[in-house]
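Structure first, commentary second.
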Amino acid sequence: MKMLLTIAWRNVWRNRTRSLVVMVALVLGLWAGNFMMGYAFGMYDQRLANALEYELAHAQIHHPDFRVEQQPELLIPESRARLQALQDKSGVRGVSGRLVANAMITASRGVGGVQVMGVDPEAEAGVSRIPASVDTGTFLSEDKKHRIVLGHALAKKLRLNLGSKVVLKFQNAAGDFVDTRFKVGGIYRSPNSTFDERMVYVRQTELAPLVLGGIQNNAGLHEIAVLLDDPGEAMAFAEGENRQYPDSVTEDWKTLSPELDLMIESTDQYFTIFLGIIMLAVAFGVINTMLMAVLDRVREIGVLMALGMNRMKVFVLVVLETVFLMLAAAPVGLLLAWGTLTWFGQHGLDLGSLSDAYAMYGLDPVVYPHLDGSYYLRNLVLLLITALVSALFPAWTALRLDPVEAIRKI
Amino acid sequence: MNTAARSSAAAPSGHTHAELVLETVNLDRTFQNGPERIHAVSDVSFRVQRGEFTAIVGPSGSGKTTLLNLLGGLDSPSDGHVRILGTDLSALKASERVDFRLHNIGFVFQAYNLIPVLSARENVEFTMLLQGVDASERHRRSSELLEAVGLSSEAERRPTKLSGGQQQRVAVARALASKPAFVLADEPTANLDSTSASALLDIMARLNEREGTTFLFSTHDQRVIDRARRVVTLVDGRIDSDDRRDPDTAGTAKTNPA
């Protein structure tokens, strides 16, 4: 075996240019596979974090029919008691009770459909990063009445500035249409421009009488958003709440936003396919190189056979050469991938001109890629398998050589 | 069968009770070339005993290389038998034939065919490695053989750093490393200048005389023919003549027609 290893290793360096070309292909394949995966995980982890921190929280509680019908009278039974109970519950980091109303917003320069969230500013800050994302004005300060906070995307669409007046028109619990005037008190910017264009925030105490018209003494809630200490407990939390409160529905973020879960789940598959395409390119590179290496050495292989090297050893020799190419390239590829992922993981990868398009899908313009160690290992194993499988055809070609014919080759 | 060939091959000169190392019986090798059937080797029967120094001669296309391929177990006969030390090569499976070749036949090729990534010593040790000979024995024998071919000082050089003559001497050392029953040399001097060819022949003759190594050459190099103690002439795949010479008169013997 030592002899085979020696010959294989020296054969790798016989044609340095050719070997270096295939090694560069392997390095780039490994780097690209790892980097793209790290990039995807960074992007989608950020998307998930954004969705949870700005839009969904970890779980939400509603009246069983509210999410479908969106009617103002569909309040969470005994909303305030429920809110209090959640605030006292262990494992719960923050809760925010919300009133939710679909409304038309009218400004001097335009009209649009929005979802109005009636919130307690302090509680909302405990479950959502929207209050902290207000970069113009404030998030519903105590001293100013009838203020509305909206996103930059909506402000731009309706050409609104701080202090601009808007009218919200919606249907109340009694079925009557209500108009009420608000002044823009703050403008926020979330990573999701679609969200920014749709969600507006007003003080709950101001919205309640307009929407509820006295139901539950105007203290009822349409939605309670819950932030947990451990996001992984969201499903268990929802199941526990649903058992305890069968007259309301608690849903974890995966149920609330199945497309988000699907996106996360499919990331792995999507990039496995992507990795497969990279590996296919690598495979053809290896097949081409090793086949050339074999065909260039037909006579030599014939001589090896004539001298008494059996076909299995010839086969192993060609496979070993591929393995050596891989082993020489793999550390470089892994190091390069680890280096670039670490650097961009710390400094971020700015997508520049693509940032507006990404923002429409709630994706950050600056992505911080990261990759678990297990993926480096998985990709390395995948590359090793690819290289080995790719070596089979050239090795088989060598195996089939007839020593008499091979020795005659010039 | 060529009776003249058979009778003259009865016993090599200078060896009594010589051991039969190689025997061919009615050996045939045909190739199909489109509709044409080519008889490269026809009805060849002869014997080689230990210690012989035999040249197989004949014009181009006479079947020398095909015969050597058959004798070396690289090719299989269409008919007839090749027996080496009593073993019929046709009875062996392909893998057994590789192993048999490894232990019983040494090869010297026209184009040297050393393994370019191995040093001269490693090339010599190659077949011993395949045989599983331990490192110290390999080193001892490779040193001995390289000295015998006058290349001790070039032991660690790769083939590309050696002249053609030096490479062919390494090839001879490699052929002998596995202690084969005989060495097959296909046109060993064809690529060498006269000085290198002469040096190589001196080495092979010395190994033959001193150690009783059996050599079988295919050649049409008169220098080799002159040094041979037996000359088997092939014409159109058949043995045309098989002549023995006394060691003292080698190079002057006349050819006996079959």
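For the structure tokens, the naming scheme is as follows: chains receive sequential letters (A, B, ...) according to their order of presentation, residues are indexed from 1 within each chain, and ligands are indexed from 1 in presentation order.
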
With 10 Å as the limit and counting only C-alpha atoms, what residues in chain A lie close to chain B? Please list them as an mmCIF file with all heavy atoms, in the first residue's frame.
```
data_model
loop_
_atom_site.group_PDB
_atom_site.id
_atom_site.type_symbol
_atom_site.label_atom_id
_atom_site.label_comp_id
_atom_site.auth_asym_id
_atom_site.auth_seq_id
_atom_site.Cartn_x
_atom_site.Cartn_y
_atom_site.Cartn_z
ATOM 1 N N MET A 1 0.839 -1.211 0.000
ATOM 2 C CA MET A 1 0.000 0.000 0.000
ATOM 3 C C MET A 1 0.872 1.258 0.000
ATOM 4 O O MET A 1 0.549 2.247 -0.661
ATOM 5 C CB MET A 1 -0.915 -0.007 1.228
ATOM 6 C CG MET A 1 -1.991 1.049 1.196
ATOM 7 S SD MET A 1 -3.153 0.760 -0.176
ATOM 8 C CE MET A 1 -4.175 2.199 -0.079
ATOM 9 N N LYS A 2 1.994 1.169 0.725
ATOM 10 C CA LYS A 2 2.879 2.330 0.806
ATOM 11 C C LYS A 2 3.374 2.717 -0.597
ATOM 12 O O LYS A 2 3.473 3.890 -0.931
ATOM 13 C CB LYS A 2 4.062 2.010 1.723
ATOM 14 C CG LYS A 2 4.908 3.212 2.058
ATOM 15 C CD LYS A 2 6.108 2.813 2.871
ATOM 16 C CE LYS A 2 7.130 3.955 2.879
ATOM 17 N NZ LYS A 2 8.449 3.494 3.275
ATOM 18 N N MET A 3 3.671 1.645 -1.383
ATOM 19 C CA MET A 3 4.148 1.886 -2.738
ATOM 20 C C MET A 3 3.071 2.609 -3.561
ATOM 21 O O MET A 3 3.353 3.568 -4.276
ATOM 22 C CB MET A 3 4.489 0.552 -3.383
ATOM 23 C CG MET A 3 4.820 0.651 -4.847
ATOM 24 S SD MET A 3 4.737 -0.947 -5.620
ATOM 25 C CE MET A 3 3.030 -1.380 -5.363
ATOM 26 N N LEU A 4 1.828 2.142 -3.426
ATOM 27 C CA LEU A 4 0.726 2.766 -4.167
ATOM 28 C C LEU A 4 0.578 4.225 -3.756
ATOM 29 O O LEU A 4 0.371 5.109 -4.586
ATOM 30 C CB LEU A 4 -0.584 2.008 -3.905
ATOM 31 C CG LEU A 4 -0.778 0.683 -4.635
ATOM 32 C CD1 LEU A 4 -2.096 0.053 -4.236
ATOM 33 C CD2 LEU A 4 -0.751 0.893 -6.144
ATOM 34 N N THR A 6 2.877 6.138 -2.523
ATOM 35 C CA THR A 6 4.021 6.908 -3.040
ATOM 36 C C THR A 6 3.825 7.256 -4.512
ATOM 37 O O THR A 6 3.980 8.423 -4.914
ATOM 38 C CB THR A 6 5.323 6.080 -2.890
ATOM 39 O OG1 THR A 6 5.459 5.715 -1.522
ATOM 40 C CG2 THR A 6 6.541 6.865 -3.333
ATOM 41 N N ILE A 7 3.477 6.241 -5.302
ATOM 42 C CA ILE A 7 3.313 6.484 -6.735
ATOM 43 C C ILE A 7 2.164 7.466 -6.975
ATOM 44 O O ILE A 7 2.273 8.394 -7.778
ATOM 45 C CB ILE A 7 3.072 5.160 -7.498
ATOM 46 C CG1 ILE A 7 4.299 4.249 -7.369
ATOM 47 C CG2 ILE A 7 2.765 5.420 -8.966
ATOM 48 C CD1 ILE A 7 4.141 2.888 -8.020
ATOM 49 N N ALA A 8 1.056 7.246 -6.251
ATOM 50 C CA ALA A 8 -0.118 8.108 -6.439
ATOM 51 C C ALA A 8 0.226 9.563 -6.107
ATOM 52 O O ALA A 8 -0.104 10.482 -6.861
ATOM 53 C CB ALA A 8 -1.272 7.619 -5.567
ATOM 54 N N TRP A 9 0.902 9.762 -4.977
ATOM 55 C CA TRP A 9 1.237 11.123 -4.544
ATOM 56 C C TRP A 9 2.158 11.796 -5.564
ATOM 57 O O TRP A 9 1.963 12.948 -5.937
ATOM 58 C CB TRP A 9 1.881 11.084 -3.160
ATOM 59 C CG TRP A 9 2.338 12.433 -2.686
ATOM 60 C CD1 TRP A 9 3.620 12.862 -2.538
ATOM 61 C CD2 TRP A 9 1.510 13.548 -2.315
ATOM 62 N NE1 TRP A 9 3.651 14.158 -2.101
ATOM 63 C CE2 TRP A 9 2.377 14.602 -1.949
ATOM 64 C CE3 TRP A 9 0.134 13.749 -2.262
ATOM 65 C CZ2 TRP A 9 1.894 15.843 -1.542
ATOM 66 C CZ3 TRP A 9 -0.343 14.997 -1.851
ATOM 67 C CH2 TRP A 9 0.527 16.015 -1.493
ATOM 68 N N ARG A 10 3.174 11.041 -6.035
ATOM 69 C CA ARG A 10 4.104 11.638 -6.997
ATOM 70 C C ARG A 10 3.420 11.866 -8.340
ATOM 71 O O ARG A 10 3.739 12.831 -9.039
ATOM 72 C CB ARG A 10 5.327 10.741 -7.160
ATOM 73 C CG ARG A 10 6.178 10.738 -5.887
ATOM 74 C CD ARG A 10 7.409 9.900 -6.075
ATOM 75 N NE ARG A 10 8.117 9.723 -4.818
ATOM 76 C CZ ARG A 10 9.147 8.906 -4.667
ATOM 77 N NH1 ARG A 10 9.591 8.206 -5.698
ATOM 78 N NH2 ARG A 10 9.737 8.775 -3.502
ATOM 79 N N ASN A 11 2.497 10.982 -8.687
ATOM 80 C CA ASN A 11 1.757 11.179 -9.941
ATOM 81 C C ASN A 11 0.962 12.476 -9.931
ATOM 82 O O ASN A 11 0.809 13.133 -10.955
ATOM 83 C CB ASN A 11 0.813 10.001 -10.201
ATOM 84 C CG ASN A 11 1.533 8.844 -10.883
ATOM 85 O OD1 ASN A 11 2.573 9.021 -11.492
ATOM 86 N ND2 ASN A 11 0.978 7.656 -10.768
ATOM 87 N N VAL A 12 0.438 12.799 -8.726
ATOM 88 C CA VAL A 12 -0.348 14.036 -8.609
ATOM 89 C C VAL A 12 0.493 15.236 -9.047
ATOM 90 O O VAL A 12 -0.006 16.161 -9.688
ATOM 91 C CB VAL A 12 -0.832 14.221 -7.144
ATOM 92 C CG1 VAL A 12 -1.350 15.633 -6.909
ATOM 93 C CG2 VAL A 12 -1.919 13.207 -6.817
ATOM 94 N N TRP A 13 1.781 15.187 -8.722
ATOM 95 C CA TRP A 13 2.630 16.352 -8.987
ATOM 96 C C TRP A 13 3.409 16.244 -10.303
ATOM 97 O O TRP A 13 4.264 17.063 -10.585
ATOM 98 C CB TRP A 13 3.590 16.564 -7.796
ATOM 99 C CG TRP A 13 2.789 16.782 -6.576
ATOM 100 C CD1 TRP A 13 2.628 15.915 -5.537
ATOM 101 C CD2 TRP A 13 1.958 17.914 -6.287
ATOM 102 N NE1 TRP A 13 1.754 16.434 -4.613
ATOM 103 C CE2 TRP A 13 1.325 17.658 -5.044
ATOM 104 C CE3 TRP A 13 1.664 19.108 -6.952
ATOM 105 C CZ2 TRP A 13 0.437 18.544 -4.465
ATOM 106 C CZ3 TRP A 13 0.780 19.995 -6.367
ATOM 107 C CH2 TRP A 13 0.181 19.704 -5.141
ATOM 108 N N ARG A 14 3.114 15.227 -11.082
ATOM 109 C CA ARG A 14 3.799 15.073 -12.370
ATOM 110 C C ARG A 14 3.435 16.192 -13.318
ATOM 111 O O ARG A 14 4.259 16.732 -14.015
ATOM 112 C CB ARG A 14 3.407 13.746 -13.016
ATOM 113 C CG ARG A 14 4.218 12.620 -12.535
ATOM 114 C CD ARG A 14 3.630 11.349 -13.024
ATOM 115 N NE ARG A 14 4.013 11.069 -14.392
ATOM 116 C CZ ARG A 14 3.876 9.873 -14.944
ATOM 117 N NH1 ARG A 14 3.390 8.885 -14.233
ATOM 118 N NH2 ARG A 14 4.226 9.669 -16.173
ATOM 119 N N ARG A 299 0.682 3.656 -21.542
ATOM 120 C CA ARG A 299 1.795 2.712 -21.642
ATOM 121 C C ARG A 299 2.354 2.385 -20.264
ATOM 122 O O ARG A 299 2.652 1.224 -19.961
ATOM 123 C CB ARG A 299 2.894 3.293 -22.534
ATOM 124 C CG ARG A 299 3.945 2.236 -22.848
ATOM 125 C CD ARG A 299 4.864 2.659 -23.935
ATOM 126 N NE ARG A 299 5.725 3.743 -23.494
ATOM 127 C CZ ARG A 299 6.681 4.274 -24.242
ATOM 128 N NH1 ARG A 299 6.854 3.856 -25.476
ATOM 129 N NH2 ARG A 299 7.437 5.237 -23.792
ATOM 130 N N GLU A 300 2.444 3.419 -19.450
ATOM 131 C CA GLU A 300 2.985 3.199 -18.098
ATOM 132 C C GLU A 300 2.093 2.242 -17.307
ATOM 133 O O GLU A 300 2.592 1.363 -16.584
ATOM 134 C CB GLU A 300 3.062 4.553 -17.401
ATOM 135 C CG GLU A 300 3.790 4.525 -16.089
ATOM 136 C CD GLU A 300 3.820 5.925 -15.497
ATOM 137 O OE1 GLU A 300 4.117 6.874 -16.249
ATOM 138 O OE2 GLU A 300 3.519 6.052 -14.301
ATOM 139 N N ILE A 301 0.791 2.415 -17.447
ATOM 140 C CA ILE A 301 -0.132 1.531 -16.734
ATOM 141 C C ILE A 301 0.003 0.110 -17.281
ATOM 142 O O ILE A 301 -0.009 -0.867 -16.519
ATOM 143 C CB ILE A 301 -1.583 2.061 -16.851
ATOM 144 C CG1 ILE A 301 -1.708 3.368 -16.054
ATOM 145 C CG2 ILE A 301 -2.593 1.034 -16.324
ATOM 146 C CD1 ILE A 301 -2.970 4.150 -16.324
ATOM 147 N N GLY A 302 0.181 0.015 -18.603
ATOM 148 C CA GLY A 302 0.404 -1.298 -19.213
ATOM 149 C C GLY A 302 1.652 -1.958 -18.640
ATOM 150 O O GLY A 302 1.667 -3.162 -18.363
ATOM 151 N N VAL A 303 2.703 -1.162 -18.466
ATOM 152 C CA VAL A 303 3.951 -1.701 -17.913
ATOM 153 C C VAL A 303 3.734 -2.180 -16.474
ATOM 154 O O VAL A 303 4.196 -3.261 -16.077
ATOM 155 C CB VAL A 303 5.074 -0.633 -17.974
ATOM 156 C CG1 VAL A 303 6.288 -1.081 -17.173
ATOM 157 C CG2 VAL A 303 5.458 -0.376 -19.416
ATOM 158 N N LEU A 304 3.018 -1.363 -15.702
ATOM 159 C CA LEU A 304 2.722 -1.766 -14.315
ATOM 160 C C LEU A 304 2.025 -3.121 -14.302
ATOM 161 O O LEU A 304 2.341 -3.999 -13.489
ATOM 162 C CB LEU A 304 1.830 -0.718 -13.625
ATOM 163 C CG LEU A 304 2.449 0.658 -13.363
ATOM 164 C CD1 LEU A 304 1.425 1.586 -12.744
ATOM 165 C CD2 LEU A 304 3.656 0.548 -12.456
ATOM 166 N N MET A 305 1.078 -3.285 -15.218
ATOM 167 C CA MET A 305 0.341 -4.552 -15.291
ATOM 168 C C MET A 305 1.266 -5.682 -15.737
ATOM 169 O O MET A 305 1.215 -6.784 -15.201
ATOM 170 C CB MET A 305 -0.825 -4.427 -16.265
ATOM 171 C CG MET A 305 -1.968 -3.571 -15.749
ATOM 172 S SD MET A 305 -3.193 -3.372 -17.064
ATOM 173 C CE MET A 305 -4.583 -2.785 -16.133
ATOM 174 N N ALA A 306 2.114 -5.365 -16.723
ATOM 175 C CA ALA A 306 3.027 -6.395 -17.229
ATOM 176 C C ALA A 306 3.981 -6.853 -16.136
ATOM 177 O O ALA A 306 4.293 -8.040 -16.011
ATOM 178 C CB ALA A 306 3.815 -5.848 -18.411
ATOM 179 N N LEU A 307 4.411 -5.896 -15.322
ATOM 180 C CA LEU A 307 5.377 -6.245 -14.281
ATOM 181 C C LEU A 307 4.744 -7.036 -13.141
ATOM 182 O O LEU A 307 5.447 -7.590 -12.304
ATOM 183 C CB LEU A 307 6.025 -4.973 -13.715
ATOM 184 C CG LEU A 307 6.922 -4.206 -14.683
ATOM 185 C CD1 LEU A 307 7.455 -2.941 -14.031
ATOM 186 C CD2 LEU A 307 8.078 -5.080 -15.149
ATOM 187 N N GLY A 308 3.428 -7.046 -13.080
ATOM 188 C CA GLY A 308 2.784 -7.878 -12.061
ATOM 189 C C GLY A 308 1.851 -7.126 -11.131
ATOM 190 O O GLY A 308 1.420 -7.669 -10.106
ATOM 191 N N MET A 309 1.548 -5.867 -11.462
ATOM 192 C CA MET A 309 0.575 -5.147 -10.626
ATOM 193 C C MET A 309 -0.821 -5.581 -11.067
ATOM 194 O O MET A 309 -1.149 -5.488 -12.256
ATOM 195 C CB MET A 309 0.738 -3.637 -10.790
ATOM 196 C CG MET A 309 -0.208 -2.850 -9.904
ATOM 197 S SD MET A 309 -0.058 -1.070 -10.158
ATOM 198 C CE MET A 309 1.064 -0.662 -8.855
ATOM 199 N N ASN A 310 -1.596 -6.070 -10.110
ATOM 200 C CA ASN A 310 -2.913 -6.554 -10.517
ATOM 201 C C ASN A 310 -3.877 -5.386 -10.764
ATOM 202 O O ASN A 310 -3.612 -4.244 -10.391
ATOM 203 C CB ASN A 310 -3.478 -7.568 -9.502
ATOM 204 C CG ASN A 310 -3.706 -6.956 -8.143
ATOM 205 O OD1 ASN A 310 -4.168 -5.835 -8.036
ATOM 206 N ND2 ASN A 310 -3.362 -7.692 -7.088
ATOM 207 N N ARG A 311 -4.976 -5.722 -11.418
ATOM 208 C CA ARG A 311 -5.899 -4.673 -11.875
ATOM 209 C C ARG A 311 -6.501 -3.898 -10.713
ATOM 210 O O ARG A 311 -6.750 -2.697 -10.815
ATOM 211 C CB ARG A 311 -7.001 -5.296 -12.740
ATOM 212 C CG ARG A 311 -6.482 -5.713 -14.096
ATOM 213 C CD ARG A 311 -7.506 -6.436 -14.927
ATOM 214 N NE ARG A 311 -6.879 -7.000 -16.122
ATOM 215 C CZ ARG A 311 -6.732 -6.340 -17.266
ATOM 216 N NH1 ARG A 311 -7.168 -5.118 -17.385
ATOM 217 N NH2 ARG A 311 -6.139 -6.906 -18.295
ATOM 218 N N MET A 312 -6.718 -4.579 -9.606
ATOM 219 C CA MET A 312 -7.308 -3.890 -8.458
ATOM 220 C C MET A 312 -6.366 -2.791 -7.960
ATOM 221 O O MET A 312 -6.798 -1.695 -7.614
ATOM 222 C CB MET A 312 -7.598 -4.911 -7.336
ATOM 223 C CG MET A 312 -8.306 -4.329 -6.122
ATOM 224 S SD MET A 312 -9.701 -3.252 -6.520
ATOM 225 C CE MET A 312 -10.875 -4.444 -7.124
ATOM 226 N N LYS A 313 -5.061 -3.100 -7.968
ATOM 227 C CA LYS A 313 -4.094 -2.098 -7.511
ATOM 228 C C LYS A 313 -4.036 -0.922 -8.489
ATOM 229 O O LYS A 313 -3.860 0.224 -8.073
ATOM 230 C CB LYS A 313 -2.710 -2.733 -7.356
ATOM 231 C CG LYS A 313 -2.600 -3.529 -6.059
ATOM 232 C CD LYS A 313 -1.223 -4.070 -5.848
ATOM 233 C CE LYS A 313 -1.181 -4.762 -4.478
ATOM 234 N NZ LYS A 313 -0.171 -5.799 -4.407
ATOM 235 N N ASP A 402 -5.567 -3.210 -21.835
ATOM 236 C CA ASP A 402 -4.911 -4.468 -22.141
ATOM 237 C C ASP A 402 -3.408 -4.184 -22.152
ATOM 238 O O ASP A 402 -2.941 -3.339 -22.916
ATOM 239 C CB ASP A 402 -5.384 -4.943 -23.526
ATOM 240 C CG ASP A 402 -4.600 -6.149 -24.013
ATOM 241 O OD1 ASP A 402 -3.919 -6.781 -23.182
ATOM 242 O OD2 ASP A 402 -4.669 -6.452 -25.223
ATOM 243 N N PRO A 403 -2.640 -4.848 -21.284
ATOM 244 C CA PRO A 403 -1.217 -4.512 -21.191
ATOM 245 C C PRO A 403 -0.491 -4.587 -22.523
ATOM 246 O O PRO A 403 0.374 -3.755 -22.817
ATOM 247 C CB PRO A 403 -0.662 -5.535 -20.193
ATOM 248 C CG PRO A 403 -1.758 -6.445 -19.818
ATOM 249 C CD PRO A 403 -3.041 -5.879 -20.327
ATOM 250 N N VAL A 404 -0.850 -5.567 -23.373
ATOM 251 C CA VAL A 404 -0.167 -5.708 -24.659
ATOM 252 C C VAL A 404 -0.394 -4.468 -25.516
ATOM 253 O O VAL A 404 0.544 -3.879 -26.069
ATOM 254 C CB VAL A 404 -0.668 -6.964 -25.403
ATOM 255 C CG1 VAL A 404 -0.082 -7.020 -26.798
ATOM 256 C CG2 VAL A 404 -0.290 -8.213 -24.627
ATOM 257 N N GLU A 405 -1.654 -4.058 -25.586
ATOM 258 C CA GLU A 405 -1.991 -2.861 -26.372
ATOM 259 C C GLU A 405 -1.397 -1.624 -25.727
ATOM 260 O O GLU A 405 -0.883 -0.733 -26.423
ATOM 261 C CB GLU A 405 -3.524 -2.706 -26.460
ATOM 262 C CG GLU A 405 -4.215 -3.785 -27.271
ATOM 263 C CD GLU A 405 -3.841 -3.715 -28.742
ATOM 264 O OE1 GLU A 405 -3.642 -2.601 -29.246
ATOM 265 O OE2 GLU A 405 -3.714 -4.789 -29.370
ATOM 266 N N ILE A 407 1.219 -1.212 -23.772
ATOM 267 C CA ILE A 407 2.674 -1.059 -23.863
ATOM 268 C C ILE A 407 3.079 -0.548 -25.247
ATOM 269 O O ILE A 407 4.049 0.178 -25.398
ATOM 270 C CB ILE A 407 3.378 -2.399 -23.544
ATOM 271 C CG1 ILE A 407 3.207 -2.709 -22.056
ATOM 272 C CG2 ILE A 407 4.861 -2.344 -23.880
ATOM 273 C CD1 ILE A 407 3.570 -4.112 -21.682
ATOM 274 N N ARG A 408 2.295 -0.891 -26.241
ATOM 275 C CA ARG A 408 2.590 -0.450 -27.605
ATOM 276 C C ARG A 408 2.344 1.036 -27.806
ATOM 277 O O ARG A 408 2.855 1.646 -28.719
ATOM 278 C CB ARG A 408 1.697 -1.216 -28.583
ATOM 279 C CG ARG A 408 2.462 -2.303 -29.294
ATOM 280 C CD ARG A 408 1.621 -2.912 -30.364
ATOM 281 N NE ARG A 408 1.555 -4.348 -30.177
ATOM 282 C CZ ARG A 408 0.520 -5.093 -30.489
ATOM 283 N NH1 ARG A 408 -0.558 -4.545 -30.978
ATOM 284 N NH2 ARG A 408 0.553 -6.386 -30.300
ATOM 285 N N ILE A 410 2.473 4.883 -27.798
ATOM 286 C CA ILE A 410 3.601 5.821 -27.692
ATOM 287 C C ILE A 410 3.105 7.090 -27.023
ATOM 288 O O ILE A 410 2.069 7.607 -27.362
ATOM 289 C CB ILE A 410 4.187 6.124 -29.084
ATOM 290 C CG1 ILE A 410 4.789 4.831 -29.627
ATOM 291 C CG2 ILE A 410 5.240 7.201 -29.011
ATOM 292 C CD1 ILE A 410 5.341 4.899 -31.018
#
```

Problem - All strand (DSSP E) positions in stretch 174-214 of chain B, as an MDAnalysis selection string - result: chainID B and resid 182:186

Practice task
For stretch 214-228 of chain B, list every protein, DNA or RNA residue within 6 Å, evaluated using only C-alpha atoms, and leave out those in the same chain fewer than 3 positions away; present the list as a PyMOL selection string.
Solution key: chain B and resi 50-57+64+182-187+250-251

Exercise for the section: May I have the residues within 12 Å of stretch 373-383 of chain A as a ChimeraX atom specification, using only C-alpha atoms and disregarding those fewer than 2 positions away in the same chain? Expected result: /A:23,25-38,41,268,271-272,274-283,286,322-323,325-327,329-338,341,370-371,385-390

Problem - Selection near stretch 43-48 of chain A, 6 Å with only C-alpha atoms, sequence-local residues under 3 positions removed, as a list in words - result: Ala40, Ala51, Leu363 and Val367 of chain A

Okay, now the selection with N, CA, C and O atoms, as a PDB file, in the first residue's frame?
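Printed below is result27.pdb as written:
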```pdb
ATOM      1  N   ALA A  40     -26.852  31.725   2.892  1.00  0.00           N
ATOM      2  CA  ALA A  40     -28.298  31.448   2.957  1.00  0.00           C
ATOM      3  C   ALA A  40     -28.758  31.368   4.405  1.00  0.00           C
ATOM      4  O   ALA A  40     -29.801  31.930   4.776  1.00  0.00           O
ATOM      5  N   ALA A  51     -38.709  38.586  11.366  1.00  0.00           N
ATOM      6  CA  ALA A  51     -40.139  38.264  11.395  1.00  0.00           C
ATOM      7  C   ALA A  51     -40.616  38.124  12.836  1.00  0.00           C
ATOM      8  O   ALA A  51     -41.709  38.593  13.199  1.00  0.00           O
ATOM      9  N   LEU A 363     -35.897  40.919   4.052  1.00  0.00           N
ATOM     10  CA  LEU A 363     -34.507  40.496   4.213  1.00  0.00           C
ATOM     11  C   LEU A 363     -33.625  41.707   4.451  1.00  0.00           C
ATOM     12  O   LEU A 363     -33.806  42.748   3.814  1.00  0.00           O
ATOM     13  N   VAL A 367     -26.140  41.143   5.067  1.00  0.00           N
ATOM     14  CA  VAL A 367     -26.276  39.765   5.527  1.00  0.00           C
ATOM     15  C   VAL A 367     -25.019  39.366   6.300  1.00  0.00           C
ATOM     16  O   VAL A 367     -23.905  39.686   5.896  1.00  0.00           O
TER      17      VAL A 367
END
```

Exercise for the section: Within 8 Å of B:Val124, counting only C-alpha atoms, which residues show up once you throw out same-chain ones fewer than 3 positions away? Write them as a list in words, please. Expected result: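 Near B:Val124, the qualifying residues are Ala120, Arg121, Thr127, Met128, Ser142, Val170, Ala171, Ala173, Arg174, Ala175 and Ala177 of chain B.
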
Could you write those residues out with N, CA, C and O atoms, as a compact mmCIF listing (two decimals), in the first residue's frame?
```
# COMPACT_ATOMS: atom_id res chain seq x y z
N ALA B 120 15.72 5.32 -9.52
CA ALA B 120 16.26 4.08 -10.08
C ALA B 120 16.10 2.95 -9.05
O ALA B 120 15.65 1.84 -9.39
N ARG B 121 16.45 3.23 -7.81
CA ARG B 121 16.35 2.19 -6.78
C ARG B 121 14.88 1.76 -6.60
O ARG B 121 14.59 0.57 -6.52
N THR B 127 9.06 -4.46 -8.24
CA THR B 127 8.46 -5.81 -8.30
C THR B 127 8.62 -6.54 -6.96
O THR B 127 7.78 -7.34 -6.57
N MET B 128 9.72 -6.22 -6.26
CA MET B 128 9.90 -6.85 -4.94
C MET B 128 8.83 -6.36 -3.96
O MET B 128 8.35 -7.12 -3.12
N SER B 142 18.41 -4.48 -4.28
CA SER B 142 18.44 -3.39 -5.26
C SER B 142 19.87 -2.81 -5.34
O SER B 142 20.34 -2.49 -6.43
N VAL B 170 18.89 0.08 -15.73
CA VAL B 170 17.97 0.02 -14.56
C VAL B 170 16.85 -0.98 -14.87
O VAL B 170 16.43 -1.77 -14.01
N ALA B 171 16.38 -0.94 -16.12
CA ALA B 171 15.30 -1.86 -16.51
C ALA B 171 15.74 -3.31 -16.39
O ALA B 171 14.97 -4.18 -15.95
N ALA B 173 18.06 -4.36 -14.27
CA ALA B 173 18.10 -4.63 -12.83
C ALA B 173 16.69 -4.87 -12.29
O ALA B 173 16.47 -5.77 -11.46
N ARG B 174 15.74 -4.09 -12.79
CA ARG B 174 14.34 -4.28 -12.35
C ARG B 174 13.83 -5.66 -12.76
O ARG B 174 13.16 -6.34 -11.98
N ALA B 175 14.19 -6.06 -13.97
CA ALA B 175 13.71 -7.36 -14.46
C ALA B 175 14.25 -8.50 -13.62
O ALA B 175 13.58 -9.53 -13.44
N ALA B 177 15.11 -8.22 -10.42
CA ALA B 177 14.86 -8.04 -8.98
C ALA B 177 13.93 -9.10 -8.41
O ALA B 177 14.09 -9.53 -7.26
```

Handout entry: Residue neighbourhood stretch 189-201 of chain A, 9 Å, only C-alpha atoms, exclusion window fewer than 5 positions, as a PyMOL selection string
Key = chain A and resi 47+50-51+54-55+112-119+129-130+133-135+139-140+147-157+356+358-365

Exercise for the section: Pick out each residue of stretch 69-239 of chain B that DSSP on the backbone tags as helix (DSSP H, G or I); I need them as a PyMOL selection string. Expected result: chain B and resi 69-71+89-91+94-104+120-131+135-148+152-154+159-161+164-177+194-211+222-227

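Computed from the coordinates, the atom CA of B:Arg47 to atom CA of B:Glu23 distance equals 4.4 Å.
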